[in-house]
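These notes are about the structure you will find just below.
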Amino acid sequence: MARTPPPLNRDDDHGPIWIWGVHAALAALANPRRRIERIVATRNAASRLPAGVEAQLHEPDAIDRMLPPGAVHQGLAVRAWPLEPLALDEACAPADARPVVVLDAITDPHNVGAIFRSAAAFSARAIVLQDRKAPPLTGTLAKSAAGAVELVPEVRVVNIARALERLEALGYLTVGLTGEAELGLAEALADPRPIALAVGAEGKGLRPGVLGACARAARIPIAPAMESLNVSNAAAIALYEAARRATAGG
């Protein structure tokens, strides 16, 4: 019987990583940019694999032991090499109608994964993250994204404010979401230029230097009884509005 490997060290950004959950694993297998090292599945989950793709069959508890504690794998996991992030200009130039999402110090993998999912749903061109203030696109994040990390290019930068300045130079209207903005979202996005949408960490919001690098600040109007929205929900609403505006012609 094959020996069960130890769980991957979640701090290792250089070697192969586990991606688990049916949607995330199948999306990774369908991505030609992914270098797949190993596929493990229960007999039931293996029936969902594409024709010609074979997996090592295991009982669910054996797969549990391969993954970090609490990983909900649904009977399917793949061990693969991380995708190489794209450079900002490579992913975003020349500007077109698709929005770019810029995440400022959002560290929760569930929130980042949900934002990737919304970005894919509304045809975002790329997601820009800061090297040292964002989680790797692995494990829990990939599961939360339900395959979207395979669809939306990842850009890693050293400085978010400078990335926004570069996006503006490329022809994007840079808009920062903040509850203190005077302009409502629809009014802020009323511009023919494609949108680069900056979203900050829940609670803290955009850092002052990042908000200052945005050409406009925008708020999402909500009922007075609620102070704020979850960051992934706010990003989804803003992406929908940007997509609606682009479809309507600005």
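In the structure tokens, chains take letters A, B, ... by order of appearance, with residues numbered from 1 within each chain and ligands from 1 in the order shown.
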
For the structure I just gave you, how does DSSP split range 110-169 of chain A - specifically, which residues are strand (DSSP E or B)? Reply as a ChimeraX atom specification. /A:126-130,154-157

All alpha helix (DSSP H) residues (DSSP, backbone) inside range 110-200 of chain A, as a PyMOL selection string: chain A and resi 110-121+139-145+160-169+185-188

Residue contacts of Ala148 in chain A (8 Å, only C-alpha atoms) excluding same-chain residues fewer than 2 positions away, as a short mmCIF file (atom, residue, chain, number, x, y, z; two decimals) with C-alpha atoms, in the first residue's frame:
data_model
loop_
_atom_site.label_atom_id
_atom_site.label_comp_id
_atom_site.auth_asym_id
_atom_site.auth_seq_id
_atom_site.Cartn_x
_atom_site.Cartn_y
_atom_site.Cartn_z
CA ALA A 24 -10.85 23.66 -7.37
CA ALA A 27 -10.21 23.51 -12.56
CA GLY A 113 -10.83 33.29 -2.57
CA PHE A 116 -11.32 35.65 -7.06
CA ARG A 117 -14.65 33.90 -7.60
CA ALA A 119 -13.65 38.45 -10.38
CA ALA A 120 -14.08 35.40 -12.61
CA ALA A 142 -8.21 27.88 -3.84
CA ALA A 145 -12.36 30.40 -5.07
CA ALA A 146 -14.02 27.26 -6.52
CA GLU A 150 -7.16 29.11 -12.58
CA LEU A 151 -9.19 31.68 -14.55
CA VAL A 152 -8.13 35.11 -13.25
#

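Of the residues under consideration (A:Arg193, A:Arg34, A:His58, A:Arg244), A:Arg193 shows the shortest atom-to-atom contact distance to Ala97 in chain A when counting only C-alpha atoms.
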
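Summary of the local environment: counting only C-alpha atoms, residues at most 12 Å from Ser144 in chain A, other than itself and those fewer than 6 positions away along its chain, are Ile19, Trp20, Gly21, Val22, His23, Ala24, Ala25, Ala71, Val72, His73, Asp108, Pro109, His110, Asn111, Val112, Gly113, Ala114, Ile115, Phe116, Arg117, Ser118, Leu137, Thr138 and Ser232 of chain A.
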
Write out, as an mmCIF file, in the first residue's frame, the residues just selected, with C-alpha atoms.
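Everything below was put into result31.cif:
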data_model
loop_
_atom_site.group_PDB
_atom_site.id
_atom_site.type_symbol
_atom_site.label_atom_id
_atom_site.label_comp_id
_atom_site.auth_asym_id
_atom_site.auth_seq_id
_atom_site.Cartn_x
_atom_site.Cartn_y
_atom_site.Cartn_z
ATOM 1 C CA ILE A 19 -5.375 21.906 -4.059
ATOM 2 C CA TRP A 20 -8.502 20.243 -2.722
ATOM 3 C CA GLY A 21 -12.233 20.220 -3.321
ATOM 4 C CA VAL A 22 -13.981 19.052 -6.484
ATOM 5 C CA HIS A 23 -14.340 22.429 -8.241
ATOM 6 C CA ALA A 24 -10.847 23.660 -7.370
ATOM 7 C CA ALA A 25 -9.170 20.358 -8.267
ATOM 8 C CA ALA A 71 -9.468 20.610 4.784
ATOM 9 C CA VAL A 72 -12.826 19.786 3.149
ATOM 10 C CA HIS A 73 -11.590 17.830 0.141
ATOM 11 C CA ASP A 108 -7.946 36.209 4.995
ATOM 12 C CA PRO A 109 -7.832 33.353 2.435
ATOM 13 C CA HIS A 110 -11.629 32.910 2.466
ATOM 14 C CA ASN A 111 -12.138 36.567 1.519
ATOM 15 C CA VAL A 112 -9.434 36.536 -1.152
ATOM 16 C CA GLY A 113 -10.831 33.291 -2.574
ATOM 17 C CA ALA A 114 -14.347 34.730 -2.689
ATOM 18 C CA ILE A 115 -13.035 37.845 -4.461
ATOM 19 C CA PHE A 116 -11.321 35.654 -7.065
ATOM 20 C CA ARG A 117 -14.649 33.903 -7.595
ATOM 21 C CA SER A 118 -16.465 37.212 -8.145
ATOM 22 C CA LEU A 137 -3.157 30.976 -3.874
ATOM 23 C CA THR A 138 -3.244 27.518 -2.334
ATOM 24 C CA SER A 232 -15.731 40.096 -0.525
#

Name all residues at most 9 Å from Ala41 in chain A (count only C-alpha atoms; drop same-chain ones fewer than 2 positions away) and give them as a VMD selection string. chain A and resid 39 43 to 46 55 to 60 63 74 to 78

Could the residues of range 4-120 of chain A that have an atom at most 9 Å from range 171-184 of chain A be listed as a tab-separated table, each with its closest atom pair and the distance in Å to one decimal, counting only C-alpha atoms and ordered by chain and ascending residue number?
residue	atom	partner	partner_atom	distance
A:Ala93	CA	A:Gly171	CA	8.8
A:Pro94	CA	A:Gly171	CA	8.1
A:Ala95	CA	A:Gly171	CA	6.1
A:Asp96	CA	A:Tyr172	CA	8.7
A:Pro99	CA	A:Tyr172	CA	8.5
A:Val100	CA	A:Tyr172	CA	8.6

Tell me which of A:Leu26, A:Ile106, A:Thr42, A:Pro192 sits closest to Gly205 in chain A, counting only C-alpha atoms.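 Smallest separation from Gly205 in chain A among the options: A:Ile106.
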
What separation in Å, quoted to one decimal, exists between CA of Ala234 in chain A and CA of Thr107 in chain A?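 Between CA of Ala234 in chain A and CA of Thr107 in chain A the gap works out to 15.9 Å.
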
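As for CA of Ala215 in chain A and CA of Ala105 in chain A, they are spaced 19.4 Å apart.
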
Hey, which of A:Ala134, A:Ile220, A:Val158, A:Leu229 ends up closest to Leu88 in chain A? Count only C-alpha atoms.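 When distances to Leu88 in chain A are compared using only C-alpha atoms, the smallest one comes from A:Val158.
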
As a CSV table (one decimal) with N, CA and C atoms, in the first residue's frame, please: the residues near Ala87 in chain A (cut-off 8 Å, only C-alpha atoms, same-chain neighbours under 4 positions excluded).
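That gives us selection.csv:
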chain,number,residue,atom,x,y,z
A,91,ALA,N,-0.1,41.5,-17.6
A,91,ALA,CA,-1.5,41.2,-17.3
A,91,ALA,C,-2.5,42.2,-17.7
A,155,VAL,N,-1.3,38.9,-10.1
A,155,VAL,CA,-0.2,39.8,-10.3
A,155,VAL,C,0.3,40.1,-8.8
A,156,ARG,N,1.6,39.9,-8.6
A,156,ARG,CA,2.2,40.3,-7.3
A,156,ARG,C,3.1,41.5,-7.5

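Put simply, CA of Ile36 in chain A is 21.1 Å away from CA of Pro135 in chain A.
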
Using only C-alpha atoms, the best pick from A:Ala163, A:Leu49, A:Val101, A:Ile17 as closest to Ala242 in chain A would be A:Val101

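Distance annotation: of A:Ala124, A:Asn31, A:Asp104, A:Glu54, the residue with the minimal separation from Pro82 in chain A is A:Asn31; atom set is only C-alpha atoms.
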